[in-house]
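Take a look at the structure below.
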Amino acid sequence: MSRTASSTVSVVVDGLLYTPEVDPSMPLLYTLRNTLRLRNPRFGCGLGQCGACTVLVEGRPVRSCQLPTAAVDGQDVVTIAGLPARWQAQLAKASDEPGSTGTTQHQSLHPLQQAFIDQMAAQCGYCINGWLMSAVALLEENPMPDRDAINQAFAGLKCRCAMQMRFRAAVEQVAAS
Amino acid sequence: MSALLHANLTRRKFLLGGGRFLVAAAGFPVLSCTATPSGVSTTVAIASNNKFNDPDPAVLGTWIALDAAGHVTVYFGKVDVGQGLDTAIRQLVADQLSVHPRRIQVVMGDTALTPDQGGASSASGVEMGSVPLMNVAAEVKHILLSHIAQHWQCPLSSLRVQDGEIFCDTLPSQRSSYWTLIASDALDQHWLAHMLEVSGQGNNLNVTGQATAVPLAALSADSWTGQSLARDDIQQKVTGEFVMIDQVSLPDMLHARVIRPQVAGAIPLTLVLPDDMINDVFIVRRSAFAALLGEDEWRVIMASRALQQTWQEPAPVFPGNSSLYDYLRNTPARMQRVALDQGAVDDVLAGAGLSAADLAEAGPVLQAEYEWPLQSHASLGPACAVAVWDGQRMTVWSATQKPHQLRVGVADLLALELVKVHVIWVPGAGSYGRNDADDAGLEAAFLARETGRAVRVQYQRADATGWDPKSPAAVMRVSARLLADGSIAAMDWSALALSAHDARPSGAQASDSLIGQQLGLERPDTNNFSAPQDAYDLANRRSQWAVVPPPLRHMSPLRTSHLRDPQGPQVTFSSECFMDELAFVSGQDPIAFRLRHLGDERDAQLLRALATGSAWSSRPSPNPHADLRTSLPVTYSRLPGDNWRYGRGVAYCRRGRQTRVAVVCELAVDIQTGRIKLLRLVVAHDCGRVINPDGLRQTIEGAVMQACSRTLFEQVAFDDRSVLSTDWFSYPILEMASAPDQLLVLLLDRPDMPPLGAGEAAHKPVAAAIGNAVFDATSVRIRQIPLRPQVVLDALNRAQL
Ligand code: FES
Ligand code: FES
């Protein structure tokens, strides 16, 4: 018998450094959930078809059920729990830039999290990682997306409670502000 | 039990964390899910309910607890499947008790803590589930105020309560509060042991005491009822604080992966793990049931992929989805039921007693047949459940909609006394009827007892979409005769359908589950379907259905059960498309045609409100200017290409006891590709008294959008031996790009009425409204679901021949 070889992967998740020893081919989803016990990314299909497992890797939305853990060695991973800190860091960076007016606003939530709350954009919430993370990545790249851009950013994501209109409204709320 | 308290949830979550988990000081209850208002950060003592015996609905303290710190806990025997039911409950209880809803937390679906109110069922959460809780809240207020009245020597009627603070009109210097009373020794310490009168059971369970709840219609204008109190769970869901079933984890827990056959009905002969896995993973096999278990979830999944298997396969039994409707038409029906029979339908259809003018001008009997496929529940998360057996007692964490009934099912499967089974509901991916959750709960319990370990069952996508209970397929035929004045003389509706539930809506019978059948239990036949629900007042009308036996009786991936407003979309697609067909042949406006047949003013008001609210222009279908996007009341942005045809459609129905709903759909059809672009949906909704308008809108929206998905995309594919729809590619559902541009919900509040069910009604008429809009746009009637592009294109092509 032989166990699959494990190796040490070094990864920052929501600002904390972890060095789990895992089967490097194991999808990141299982490393996050079972090894690191960070259980917000969810198992929806394991096939890259729904988005329930989405995290940001180096700022891009990624289906963690499809990504071998080895692929995030040395990289930065953000789950929905890390969004407030990500937003604070972006605010701080903006206020450092010359010419920026900066801000002293203390917000505990990412504006998209707040917009999801304002728009009541969830029923069961099982799908939320995909929609929220894809929305964050979209607005970081394109602060004023039109509906085609929103459709594209959300392509492939599933929500069985069918809250699509509200996810779109949340993005449009933040884009408009 | 103390080991369980260290379940892999952080201490913070136990103690603070918005208080989603309660810890019982000792004894049976371990973790319970609660909906907690923000602002209450401590756990609430539940010692009075902390017992092995089943919660007795006759005891006041079964339903409610108050503490000296100003918290109220109510124990609710239903569960929230994502629509914010607990928020509405908090509002209703707050008004009866005269406290801020912030003080109230709702414990749901724990068989050791909450009375059996039937679980999530038939959109009854507010309509029926809230009734005993309001009575209980009124009773508590009465008891506490009576005590004060006696103490202060003042009439009960002179006392007022504001957020738990008690004042007296005649003794302005006196002041007390619920919380002071509870903190003091003044109250009889057994005041919560007070007995109530119990009536009904399950959904109908009710209790009454000495006080009567204030009728909602008599509540003051500043009551919580009717306000859009925000749901706390949304914040917890977007921050990751919300605990769901897939996150429940126990120490020393095994991960289990159940093995389903490729071919329906097959029995495993040999299951062999590769050598390099036998130290990590083992097989539990009893009869036709088999599962792989191990410490490491991923390793178990890998093992399931590497498993060498041989199966004993039965002869092919399925008709294949291309022959499904022939199967329904040609298989002898098992049971027939006449749901409605008034007047002389056959005679009038035959023309008996009609004037020559009617016979000549209205033409022959009109008849049409509609087809609805099998559809999957397809919850976003494949079912997950955790169970532990301590040698004495079985504890199961499950996202079942009906925890009390699953408890009965677990006891049945394992031949345990009911008191030895504890089911704790934990929220899971949205379910809209019976999905795969009950199967997973039973399998986890079975494996926990077999192994003596805590076991977590997590289905894979194919276990879910491929094997969850399906919404039944049906062929529905409608015939009618019109009179010369354009009114309906007689209507005959009938359905040939698979039974509404091969697996009955609750998990109470192990024989209805996959594992039960794999272990050899025989399920009884169940025969059920539905008939149209509306207020059309027709002198001659018959509605009947017949149930066709399923192609495979046991262990079938095509077994049926309830999926949102069970059978409502099917039935209403046929009845409301047919109303449109009648309006068309007689050249009448579809709303006017419906209105002239409506025998109830509430239904008529709803349709008129919809016509106004959607800026409906009165004209018959089809749309004479279908190629102009400006022919719709809202001018939508230009769609790419010149092949779009624009149309609008309406449908209306009732649901359950009293809810009425009507919907207008505006859309465009690309006649080159058959693609449907939804533009706008307008819903008019009357479910009596509105408790929480924003919450209600969101609930309606989900029901409508999910119905759009079923209408446009969903169909279970299967061949003669296997279900082929096993993932999101082979079972597509609606995505962002297919959502309409706008969705407008018009609420008709009825402050004089009790609140009625709202979780399902709006799901029902959507398919018909879309089908009618497609006809309006293209002049082609499609009587088949789903309206995928190829189906639409084929129909358009056929019509041109
Ligand atoms: S779970 Fe990863 S995409 Fe579905
Ligand atoms: S909110 Fe339930 S699946 Fe999206």
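In the structure tokens, chains take the letters A, B, ... in the order shown, each chain's residues start at 1, and ligands count up from 1 in the order shown.
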Given a cut-off of 8 Å, what residues near ligand 1 show up using only C-alpha atoms and all ligand atoms, put as a ChimeraX atom specification? /A:29,42-54,63-66,157
Please find the residues contacting ligand 2 at a distance of at most 9 Å between atoms, with only C-alpha atoms and all ligand atoms counted, and report them as number ranges by chain. A: 52, 121-128, 131, 158-164; B: 81-82, 379-381, 428-431, 702
Return the single residue from B:Leu273, B:Cys687, B:Leu667, B:Ile515 that is closest to chain A, with distances computed using only C-alpha atoms.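 Distance minimum relative to chain A lands on B:Leu273.
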Could you name the residues that touch stretch 723-726 of chain B at 10 Å or less, counting only C-alpha atoms, but leaving out those on the same chain fewer than 6 positions away, as a list in words?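 Counting only the stated atoms, we get Gln262, Val263, Ala264, Phe318, Gly320, Asn321, Gln375, Ser376, Ala378, Gln460, Arg461, Ala462, Asp463, Ala464, Thr465, Gly466, Trp467, Ser556, Pro557, Leu558, Glu714, Gln715, Val716, Ala717 and Pro732 of chain B.
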As a list in words, please: the residues near stretch 75-86 of chain A (cut-off 6 Å, only C-alpha atoms, same-chain neighbours under 3 positions excluded).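 With the cut-off at 6 Å, the set is Val11, Val12, Val13, Asp14, Val55, Leu56, Val57, Glu58, Val72, Ala89, Ser108, Leu109 and His110 of chain A; Thr239 and Gly240 of chain B.
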Do you have the atom CA of B:Pro620-atom CA of B:Ile676 distance handy?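 Computing it gives 21.3 Å between the two atoms.
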Counting only C-alpha atoms, which of A:Ala155, A:Ala169, A:Ala5, A:Leu91 gets nearest to chain B?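 That would be A:Ala155, the residue with the smallest distance to chain B.
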Out of stretch 48-88 of chain A, which residues get strand (DSSP E or B) from DSSP, as number ranges by chain? A: 54-57, 60-63, 68, 76-78
Please list as a list in words every residue within 9 Å of B:Gly129, counting only C-alpha atoms and excluding residues in the same chain fewer than 4 positions away.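 Surrounding residues, per the criterion: Phe76, Gly77, Lys78, Ile89, Gln117, Gly118, Gly119, Ser124, Gly125, Leu133, Asn203, Asn204, Leu205 and Asn206 of chain B.
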